[in-house]
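As stored in start.tsv (TSV, C-alpha atoms and all ligand atoms):
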chain	number	residue	atom	x	y	z
A	20	SER	CA	0.00	0.00	0.00
A	21	LYS	CA	1.00	3.64	-0.29
A	22	VAL	CA	1.25	4.14	3.48
A	23	PRO	CA	4.85	4.03	4.78
A	24	THR	CA	5.68	1.98	7.86
A	25	ILE	CA	7.73	2.87	10.89
A	26	THR	CA	9.85	0.24	12.60
A	27	LEU	CA	8.96	-0.33	16.25
A	28	ASN	CA	11.64	-0.98	18.88
A	29	ASN	CA	11.27	-4.76	18.46
A	30	GLY	CA	11.61	-4.67	14.66
A	31	VAL	CA	7.88	-4.92	13.87
A	32	ALA	CA	6.73	-2.65	11.01
A	33	MET	CA	3.67	-0.50	11.76
A	34	PRO	CA	1.82	1.57	9.13
A	35	GLN	CA	2.28	5.24	9.96
A	36	LEU	CA	-1.38	5.92	9.18
A	37	GLY	CA	-4.31	3.79	10.26
A	38	PHE	CA	-8.05	3.90	10.80
A	39	GLY	CA	-9.57	4.59	14.23
A	40	VAL	CA	-13.01	3.23	15.11
A	41	TRP	CA	-13.91	4.90	18.42
A	42	GLN	CA	-17.65	5.75	18.49
A	43	VAL	CA	-18.39	3.54	15.49
A	44	PRO	CA	-21.26	1.24	16.58
A	45	ASP	CA	-20.57	-2.49	16.18
A	46	ASN	CA	-23.21	-2.85	13.46
A	47	GLU	CA	-21.59	-0.06	11.41
A	48	ALA	CA	-18.02	-1.11	12.01
A	49	GLN	CA	-18.00	-3.78	9.32
A	50	THR	CA	-19.03	-1.23	6.67
A	51	ALA	CA	-16.69	1.52	7.90
A	52	VAL	CA	-13.67	-0.75	8.26
A	53	GLY	CA	-14.50	-2.37	4.91
A	54	THR	CA	-14.52	1.08	3.28
A	55	ALA	CA	-11.17	1.88	4.89
A	56	LEU	CA	-9.61	-1.39	3.73
A	57	ASP	CA	-10.87	-0.73	0.18
A	58	ALA	CA	-9.31	2.74	0.36
A	59	GLY	CA	-5.93	1.22	1.23
A	60	TYR	CA	-5.79	1.38	5.02
A	61	ARG	CA	-4.18	-1.71	6.53
A	62	SER	CA	-3.93	-0.65	10.18
A	63	ILE	CA	-7.08	-0.59	12.34
A	64	ASP	CA	-7.24	0.84	15.88
A	65	THR	CA	-10.00	-0.54	18.11
A	66	ALA	CA	-10.41	-1.24	21.83
A	67	ALA	CA	-12.48	-3.54	24.02
A	68	ILE	CA	-14.41	-0.53	25.37
A	69	TYR	CA	-15.40	0.60	21.85
A	70	GLY	CA	-17.72	-2.41	21.68
A	71	ASN	CA	-16.94	-2.98	18.00
A	72	GLU	CA	-14.27	-5.68	17.96
A	73	GLU	CA	-16.75	-8.11	16.38
A	74	GLY	CA	-17.78	-5.81	13.53
A	75	THR	CA	-14.16	-4.87	13.01
A	76	GLY	CA	-13.11	-8.52	12.89
A	77	GLN	CA	-15.90	-9.34	10.43
A	78	ALA	CA	-14.62	-6.64	8.07
A	79	LEU	CA	-11.08	-8.01	8.31
A	80	THR	CA	-12.25	-11.53	7.46
A	81	ALA	CA	-14.61	-10.39	4.69
A	82	SER	CA	-11.86	-8.35	3.02
A	83	GLY	CA	-9.89	-11.45	2.09
A	84	ILE	CA	-6.69	-9.49	2.75
A	85	ALA	CA	-3.86	-11.71	3.98
A	86	ARG	CA	-3.47	-11.54	7.75
A	87	GLU	CA	0.19	-10.57	7.52
A	88	GLU	CA	-0.75	-7.46	5.51
A	89	LEU	CA	-3.03	-6.22	8.27
A	90	PHE	CA	-2.02	-4.43	11.47
A	91	VAL	CA	-4.65	-4.76	14.19
A	92	THR	CA	-4.50	-2.87	17.48
A	93	THR	CA	-6.82	-3.36	20.42
A	94	LYS	CA	-6.72	-2.15	24.02
A	95	LEU	CA	-7.33	-3.52	27.49
A	96	TRP	CA	-10.12	-1.66	29.29
A	97	ASN	CA	-9.59	-0.20	32.75
A	98	SER	CA	-11.92	-2.58	34.61
A	99	GLU	CA	-9.80	-5.55	33.47
A	100	GLN	CA	-6.44	-4.36	34.80
A	101	GLY	CA	-4.46	-6.86	36.93
A	102	TYR	CA	-2.52	-9.95	35.82
A	103	ASP	CA	-5.24	-12.61	35.62
A	104	ALA	CA	-8.04	-10.33	34.48
A	105	THR	CA	-5.81	-9.07	31.67
A	106	LEU	CA	-5.16	-12.58	30.36
A	107	ARG	CA	-8.90	-13.27	30.35
A	108	ALA	CA	-9.76	-9.95	28.70
A	109	PHE	CA	-7.17	-10.56	25.99
A	110	ASP	CA	-8.75	-13.94	25.15
A	111	THR	CA	-12.14	-12.24	24.87
A	112	SER	CA	-10.76	-9.57	22.52
A	113	LEU	CA	-9.10	-12.16	20.28
A	114	ASP	CA	-12.36	-14.16	20.18
A	115	LYS	CA	-14.41	-11.12	19.24
A	116	LEU	CA	-11.93	-10.08	16.58
A	117	GLY	CA	-11.80	-13.64	15.25
A	118	LEU	CA	-8.00	-13.52	15.24
A	119	ASP	CA	-5.29	-15.70	16.73
A	120	TYR	CA	-2.98	-12.75	17.33
A	121	VAL	CA	-3.09	-8.96	17.35
A	122	ASP	CA	-0.28	-6.81	16.05
A	123	LEU	CA	-0.38	-4.39	18.97
A	124	TYR	CA	-2.02	-4.61	22.40
A	125	LEU	CA	-2.21	-1.48	24.54
A	126	ILE	CA	-3.09	-0.70	28.17
A	127	HIS	CA	-5.83	1.86	27.54
A	128	TRP	CA	-5.19	4.15	30.57
A	129	PRO	CA	-2.58	4.10	33.36
A	130	LEU	CA	-5.05	4.63	36.26
A	131	PRO	CA	-2.24	5.70	38.59
A	132	ALA	CA	-4.52	5.70	41.67
A	133	LYS	CA	-5.36	2.03	41.09
A	134	ASP	CA	-1.64	1.20	40.95
A	135	SER	CA	-2.06	-1.93	38.82
A	136	TYR	CA	-0.43	-1.04	35.51
A	137	VAL	CA	2.82	-2.83	36.34
A	138	ASP	CA	1.03	-6.16	37.07
A	139	THR	CA	-1.13	-5.59	34.02
A	140	TYR	CA	1.93	-5.06	31.86
A	141	LYS	CA	3.50	-8.27	33.19
A	142	ALA	CA	0.50	-10.11	31.70
A	143	PHE	CA	1.16	-8.20	28.46
A	144	GLU	CA	4.73	-9.52	28.52
A	145	LYS	CA	3.37	-13.07	28.81
A	146	ILE	CA	1.00	-12.47	25.86
A	147	TYR	CA	3.93	-11.07	23.88
A	148	ALA	CA	6.22	-14.00	24.78
A	149	ASP	CA	3.48	-16.38	23.61
A	150	GLY	CA	3.35	-14.62	20.22
A	151	ARG	CA	-0.28	-13.59	20.63
A	152	ALA	CA	0.60	-9.90	20.36
A	153	LYS	CA	3.43	-8.99	17.97
A	154	ALA	CA	4.07	-5.82	19.95
A	155	ILE	CA	2.85	-4.43	23.28
A	156	GLY	CA	2.53	-0.91	24.50
A	157	VAL	CA	0.46	1.61	26.39
A	158	SER	CA	-1.89	4.53	25.90
A	159	ASN	CA	-2.29	7.76	27.82
A	160	PHE	CA	0.85	7.12	29.88
A	161	LEU	CA	2.68	10.18	31.18
A	162	PRO	CA	6.50	10.10	31.25
A	163	GLU	CA	6.41	9.32	34.99
A	164	HIS	CA	4.29	6.20	34.34
A	165	LEU	CA	6.63	5.10	31.56
A	166	GLU	CA	9.67	5.62	33.80
A	167	ARG	CA	8.20	3.31	36.38
A	168	LEU	CA	7.14	0.69	33.84
A	169	ILE	CA	10.58	0.65	32.23
A	170	GLY	CA	12.18	0.33	35.67
A	171	GLU	CA	10.01	-2.58	36.83
A	172	THR	CA	9.45	-4.68	33.68
A	173	SER	CA	11.62	-6.04	30.85
A	174	VAL	CA	9.94	-5.13	27.55
A	175	VAL	CA	10.10	-1.41	26.73
A	176	PRO	CA	6.66	-0.44	25.37
A	177	ALA	CA	6.72	-0.24	21.57
A	178	VAL	CA	4.11	2.53	21.44
A	179	ASN	CA	2.44	5.14	23.61
A	180	GLN	CA	-0.86	6.28	22.08
A	181	ILE	CA	-1.70	9.74	23.42
A	182	GLU	CA	-3.99	12.65	22.64
A	183	LEU	CA	-1.97	14.77	20.22
A	184	HIS	CA	-2.92	17.40	17.64
A	185	PRO	CA	-1.76	20.94	16.78
A	186	GLN	CA	-3.57	22.40	19.79
A	187	LEU	CA	-1.97	19.81	22.16
A	188	GLN	CA	1.47	19.10	20.75
A	189	GLN	CA	2.83	17.09	23.70
A	190	ALA	CA	6.48	18.13	23.34
A	191	ALA	CA	7.58	16.58	26.66
A	192	SER	CA	6.04	13.20	25.91
A	193	ARG	CA	7.36	13.12	22.36
A	194	GLU	CA	10.85	13.92	23.63
A	195	PHE	CA	10.65	11.21	26.31
A	196	HIS	CA	9.42	8.65	23.77
A	197	ALA	CA	12.23	9.51	21.35
A	198	GLN	CA	14.83	9.06	24.08
A	199	HIS	CA	13.47	5.61	24.96
A	200	GLY	CA	12.67	4.21	21.50
A	201	ILE	CA	8.90	4.39	22.03
A	202	ALA	CA	6.79	5.31	18.99
A	203	THR	CA	4.35	8.19	19.49
A	204	GLU	CA	0.86	7.44	18.21
A	205	ALA	CA	-1.60	10.36	18.05
A	206	TRP	CA	-5.22	9.89	19.08
A	207	SER	CA	-7.81	12.46	18.04
A	208	PRO	CA	-5.20	13.54	15.48
A	209	LEU	CA	-7.76	15.87	13.84
A	210	GLY	CA	-8.82	17.34	17.16
A	211	GLN	CA	-12.04	15.35	16.73
A	212	GLY	CA	-12.87	17.51	13.72
A	213	LYS	CA	-14.08	20.31	15.98
A	214	GLY	CA	-12.46	23.78	16.03
A	215	LEU	CA	-9.04	22.78	14.74
A	216	LEU	CA	-10.06	22.33	11.11
A	217	ASP	CA	-11.49	25.89	11.05
A	218	VAL	CA	-8.41	27.59	12.50
A	219	PRO	CA	-7.40	30.28	9.93
A	220	THR	CA	-3.73	29.21	9.93
A	221	VAL	CA	-4.71	25.65	9.02
A	222	VAL	CA	-7.24	26.80	6.42
A	223	ALA	CA	-4.65	29.11	4.81
A	224	ILE	CA	-2.02	26.35	4.57
A	225	ALA	CA	-4.66	24.05	3.06
A	226	GLN	CA	-5.51	26.66	0.41
A	227	LYS	CA	-1.82	27.19	-0.36
A	228	HIS	CA	-1.33	23.47	-1.13
A	229	GLY	CA	-4.73	22.81	-2.69
A	230	LYS	CA	-5.50	20.35	0.12
A	231	THR	CA	-8.11	20.18	2.89
A	232	PRO	CA	-7.48	21.26	6.50
A	233	ALA	CA	-7.71	17.61	7.60
A	234	GLN	CA	-5.02	16.63	5.08
A	235	VAL	CA	-2.76	19.43	6.31
A	236	VAL	CA	-3.12	18.33	9.92
A	237	LEU	CA	-2.43	14.68	9.05
A	238	ARG	CA	0.60	15.74	7.00
A	239	TRP	CA	1.90	17.70	10.01
A	240	HIS	CA	1.71	14.56	12.15
A	241	LEU	CA	3.46	12.43	9.54
A	242	GLN	CA	6.29	14.92	9.11
A	243	LEU	CA	6.77	15.01	12.90
A	244	GLY	CA	7.12	11.21	12.86
A	245	ASN	CA	3.84	10.44	14.64
A	246	VAL	CA	1.68	7.44	13.88
A	247	VAL	CA	-1.88	8.71	13.15
A	248	ILE	CA	-5.26	7.00	13.28
A	249	PRO	CA	-7.92	9.43	11.99
A	250	LYS	CA	-11.54	8.30	12.28
A	251	SER	CA	-14.43	8.89	9.90
A	252	VAL	CA	-17.47	6.93	8.78
A	253	THR	CA	-17.92	9.09	5.65
A	254	PRO	CA	-16.44	7.34	2.59
A	255	SER	CA	-15.16	10.56	0.98
A	256	ARG	CA	-13.38	11.57	4.18
A	257	ILE	CA	-11.98	8.07	4.68
A	258	GLN	CA	-10.43	8.47	1.21
A	259	GLU	CA	-9.31	12.03	1.83
A	260	ASN	CA	-7.57	11.12	5.08
A	261	ILE	CA	-5.30	8.53	3.43
A	262	ASP	CA	-4.54	10.77	0.44
A	263	VAL	CA	-1.75	12.60	2.26
A	264	PHE	CA	1.42	11.18	0.70
A	265	GLY	CA	1.67	13.39	-2.40
A	266	PHE	CA	2.57	16.75	-0.87
A	267	GLU	CA	4.81	18.20	1.84
A	268	LEU	CA	4.51	21.03	4.30
A	269	ASP	CA	7.45	23.43	4.22
A	270	ASP	CA	9.28	24.98	7.16
A	271	GLU	CA	7.04	28.03	7.11
A	272	ASP	CA	3.92	25.83	7.35
A	273	LEU	CA	5.44	23.76	10.14
A	274	GLY	CA	6.41	26.91	12.05
A	275	ALA	CA	2.90	28.35	11.72
A	276	ILE	CA	1.34	25.12	13.01
A	277	ALA	CA	3.88	24.93	15.86
A	278	ALA	CA	2.47	28.26	17.06
A	279	LEU	CA	-1.04	26.77	17.48
A	280	ASP	CA	-0.10	24.75	20.58
A	281	GLU	CA	-2.30	25.83	23.47
A	282	GLY	CA	-2.27	22.73	25.66
A	283	LYS	CA	-5.93	22.13	24.83
A	284	ARG	CA	-7.05	18.68	25.97
A	285	LEU	CA	-10.25	17.29	24.46
A	286	GLY	CA	-10.10	14.12	26.52
A	287	PRO	CA	-9.41	13.29	30.18
A	288	ASP	CA	-6.18	14.03	32.04
A	289	PRO	CA	-4.31	10.72	32.42
A	290	ALA	CA	-3.00	11.78	35.86
A	291	THR	CA	-6.50	11.73	37.34
A	292	PHE	CA	-8.73	9.68	34.98
A	293	ASP	CA	-9.91	6.63	36.92
A	294	VAL	CA	-13.19	5.52	35.32
A	295	ALA	CA	-13.55	1.75	35.29
B	301	LIG	P1	-10.26	12.41	15.13
B	301	LIG	O1	-9.33	13.49	15.51
B	301	LIG	O2	-9.78	11.31	14.26
B	301	LIG	O3	-11.53	13.11	14.50
B	301	LIG	C1	-12.59	12.36	13.98
B	301	LIG	C2	-13.74	13.28	13.59
B	301	LIG	O4	-13.26	14.34	12.78
B	301	LIG	C3	-14.78	12.57	12.77
B	301	LIG	O5	-15.76	11.98	13.60
B	301	LIG	C4	-15.35	13.69	11.93
B	301	LIG	O6	-16.32	14.41	12.65
B	301	LIG	C5	-14.16	14.57	11.69
B	301	LIG	N1	-13.43	14.29	10.44
B	301	LIG	C6	-12.75	13.16	10.11
B	301	LIG	N2	-12.17	13.29	8.90
B	301	LIG	C7	-12.50	14.53	8.46
B	301	LIG	C8	-12.20	15.24	7.28
B	301	LIG	N3	-11.44	14.70	6.33
B	301	LIG	N4	-12.69	16.48	7.16
B	301	LIG	C9	-13.46	17.04	8.13
B	301	LIG	N5	-13.78	16.41	9.28
B	301	LIG	C10	-13.29	15.17	9.44
B	301	LIG	O7	-10.90	11.86	16.50
B	301	LIG	P2	-11.06	10.51	17.28
B	301	LIG	O8	-12.00	9.58	16.63
B	301	LIG	O9	-11.31	10.91	18.68
B	301	LIG	O10	-9.58	9.86	17.27
B	301	LIG	C11	-9.16	8.95	16.28
B	301	LIG	C12	-8.97	7.57	16.86
B	301	LIG	O11	-8.07	7.61	17.96
B	301	LIG	C13	-10.24	6.97	17.48
B	301	LIG	O12	-11.15	6.52	16.52
B	301	LIG	C14	-9.64	5.89	18.32
B	301	LIG	O13	-9.28	4.78	17.51
B	301	LIG	C15	-8.40	6.58	18.87
B	301	LIG	N6	-8.62	7.16	20.22
B	301	LIG	C16	-7.96	6.62	21.27
B	301	LIG	C17	-8.12	7.12	22.55
B	301	LIG	C18	-7.36	6.53	23.68
B	301	LIG	O14	-7.64	6.83	24.85
B	301	LIG	N7	-6.36	5.69	23.42
B	301	LIG	C19	-9.02	8.18	22.78
B	301	LIG	C20	-9.68	8.73	21.69
B	301	LIG	C21	-9.49	8.22	20.43

Represent the structure from my file as structure tokens, please.
Amino acid sequence: SKVPTITLNNGVAMPQLGFGVWQVPDNEAQTAVGTALDAGYRSIDTAAIYGNEEGTGQALTASGIAREELFVTTKLWNSEQGYDATLRAFDTSLDKLGLDYVDLYLIHWPLPAKDSYVDTYKAFEKIYADGRAKAIGVSNFLPEHLERLIGETSVVPAVNQIELHPQLQQAASREFHAQHGIATEAWSPLGQGKGLLDVPTVVAIAQKHGKTPAQVVLRWHLQLGNVVIPKSVTPSRIQENIDVFGFELDDEDLGAIAALDEGKRLGPDPATFDVA
């Protein structure tokens, strides 16, 4: 496919752009994921809590695409943290997806107050050693959580999937990840399609290149080295969001977007989020 891969810290290749399915109902997931696969996406980002692992898995099977060409990520939900519960939850996810391995398994949130992410990650290491996840990692971990995990376990996470977009550029996390060989994956890369795509700076850069604001924002991520997983259920947007490999932002564009950082979180703060 036309999407380049990045090499994770264990040698596994991960497409730099994938398709996110948060808020896609299970009975629409097969159609949406099918549309994305037809458009050339090969990486799909789901999670147990999204409730659409079955529809996602059905689309993967129906596509007829060889398993080794697909890159499937799912995530362990908060209520299932802990060593034994994690092993059970992973079996359930694999069953729902109809797969015998995932490419990437992530701890969805650190839940620092619960203090169980280290035990949880030890179960991830077992799943990884058994070959049932080709890579393991985390999501929404702050540098302090990663420090502790790296200190108390043996497999450095391959990925940290965090909220990241031009209005929340996450410089400290990106720097920490780079120092430790952890890939940065951006969730809500388009800022959930809310205000970000109407920001005049973004609109002006889009006009300059004859592209859409969404394409400019995705291009910004790619040029920074982030993995991105934009979500849409609209076929034209699904197409548009993968058509981002034929142009480049210049230094002036990148500088203008750098100035949009305002530390604006759309989602919860990982330091305090504790919903099970
Ligand atoms: P996003 O930034 O991908 O924005 C998606 C929304 O933007 C769409 O619903 C639509 O309204 C709009 N949009 C999409 N393409 C567009 C286009 N070309 N032009 C105009 N508008 C467009 O937001 P997201 O869904 O929150 O994040 C993407 C994925 O990240 C999710 O689907 C999920 O897989 C993942 N995610 C993970 C976490 C986590 O805690 N790990 C949290 C949130 C999301």

Check your understanding: Phe195 of chain A: which residues within 8 Å, counting only C-alpha atoms, same-chain residues fewer than 4 positions away excluded, as a count of residues only?
Key -> 3

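Across the structure, atom CA of Ser173 of chain A and atom CA of Tyr140 of chain A are spaced 9.8 Å apart.
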
- Task: Write out as number ranges by chain the residues lying within 9 Å of Tyr69 of chain A, counting only C-alpha atoms and excluding same-chain residues fewer than 4 positions away.
- Result: A: 40-45, 65

Problem set entry | Environment of ligand LIG 301 (chain B) within 8 Å, counting all atoms listed in the file, reported as a PyMOL selection string | chain A and resi 38-43+63-66+94+127-128+158-159+180-182+184+205-213+216+231-234+247-253+255-257+259-260+286

Residues within 9 Å of Gln35 of chain A, all atoms listed in the file, excluding chain neighbours under 5 positions, as an NGL selection string: :A and (22-25 or 62 or 204 or 241 or 244-248)

Convert the current residue selection to file output with C-alpha atoms, as a PDB file, in the frame of the given file.
ATOM      1  CA  VAL A  22       1.250   4.140   3.480  1.00  0.00           C
ATOM      2  CA  PRO A  23       4.850   4.030   4.780  1.00  0.00           C
ATOM      3  CA  THR A  24       5.680   1.980   7.860  1.00  0.00           C
ATOM      4  CA  ILE A  25       7.730   2.870  10.890  1.00  0.00           C
ATOM      5  CA  SER A  62      -3.930  -0.650  10.180  1.00  0.00           C
ATOM      6  CA  GLU A 204       0.860   7.440  18.210  1.00  0.00           C
ATOM      7  CA  LEU A 241       3.460  12.430   9.540  1.00  0.00           C
ATOM      8  CA  GLY A 244       7.120  11.210  12.860  1.00  0.00           C
ATOM      9  CA  ASN A 245       3.840  10.440  14.640  1.00  0.00           C
ATOM     10  CA  VAL A 246       1.680   7.440  13.880  1.00  0.00           C
ATOM     11  CA  VAL A 247      -1.880   8.710  13.150  1.00  0.00           C
ATOM     12  CA  ILE A 248      -5.260   7.000  13.280  1.00  0.00           C
TER      13      ILE A 248
END

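The interatomic distance for the pair atom CA of Leu168 of chain A and atom CA of Arg284 of chain A works out to 24.2 Å.
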
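Between atom CA of Ala142 of chain A and atom CA of Ala154 of chain A the separation is 13.0 Å.
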
Across A:Asp110, A:Glu73, A:Asp288, A:Asp122, the smallest distance to Thr93 of chain A, with all atoms listed in the file counted, is shown by A:Asp122

request  = For the point (9.5, -7.6, 18.6) in the file's frame, write as a PyMOL selection string all residues with an atom no more than 7 Å away, counting all atoms listed in the file.
outcome  = chain A and resi 28-31+153-154

Serialized selection, C-alpha atoms, as a PDB file, keeping the file's coordinate frame:
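Generated output (result-v1.pdb):
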ATOM      1  CA  ASN A  28      11.640  -0.980  18.880  1.00  0.00           C
ATOM      2  CA  ASN A  29      11.270  -4.760  18.460  1.00  0.00           C
ATOM      3  CA  GLY A  30      11.610  -4.670  14.660  1.00  0.00           C
ATOM      4  CA  VAL A  31       7.880  -4.920  13.870  1.00  0.00           C
ATOM      5  CA  LYS A 153       3.430  -8.990  17.970  1.00  0.00           C
ATOM      6  CA  ALA A 154       4.070  -5.820  19.950  1.00  0.00           C
TER       7      ALA A 154
END

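Nearest to Asp270 of chain A of all the residues A:Gln242, A:Thr172, A:Gln198, A:Gln188 is A:Gln242, based on all atoms listed in the file.
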
Report task. Tell me which protein, DNA and RNA residues are within 12 Å of Glu271 of chain A, counting only C-alpha atoms, leaving out same-chain ones fewer than 2 positions away, and put them as a list of chain:residue names. Result -> A:Thr220, A:Ala223, A:Ile224, A:Lys227, A:Trp239, A:Glu267, A:Leu268, A:Asp269, A:Leu273, A:Gly274, A:Ala275, A:Ile276, A:Ala277, A:Ala278

Next, dump the selected residues to file, keeping only C-alpha atoms, as a compact mmCIF listing (two decimals), in the frame of the given file.
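So the final result, stored in result-v1.txt, reads:
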# COMPACT_ATOMS: atom_id res chain seq x y z
CA THR A 220 -3.73 29.21 9.93
CA ALA A 223 -4.65 29.11 4.81
CA ILE A 224 -2.02 26.35 4.57
CA LYS A 227 -1.82 27.19 -0.36
CA TRP A 239 1.90 17.70 10.01
CA GLU A 267 4.81 18.20 1.84
CA LEU A 268 4.51 21.03 4.30
CA ASP A 269 7.45 23.43 4.22
CA LEU A 273 5.44 23.76 10.14
CA GLY A 274 6.41 26.91 12.05
CA ALA A 275 2.90 28.35 11.72
CA ILE A 276 1.34 25.12 13.01
CA ALA A 277 3.88 24.93 15.86
CA ALA A 278 2.47 28.26 17.06

Can you pull out every residue within 9 Å of Gly74 of chain A, counting all atoms listed in the file, but drop anything in the same chain fewer than 4 positions away, and send it as a ChimeraX atom specification? /A:44-50,52,70,78-79,115-116

_Local residues around (-5.3, -6.9, 36.7), at most 9 Å away, using all atoms listed in the file, as a PyMOL selection string_ = chain A and resi 97-106+135-136+138-140+142

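The closest residue to Gly214 of chain A, picked from A:Val175, A:Leu237, A:Ala55, A:Leu285 and counting all atoms listed in the file, is A:Leu285.
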
Counting all atoms listed in the file, the residue among A:Asp262, A:Ala295, A:Thr80, A:Val137 that lies closest to Leu165 of chain A is A:Val137

Using only C-alpha atoms, the best pick from A:Pro185, A:Gly229, A:Gly200, A:Pro219 as closest to Leu243 of chain A would be A:Pro185

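If all atoms listed in the file are the atoms counted, then among A:Ile169, A:Ile261, A:Leu187, A:Val178 the closest residue to Asp57 of chain A is A:Ile261.
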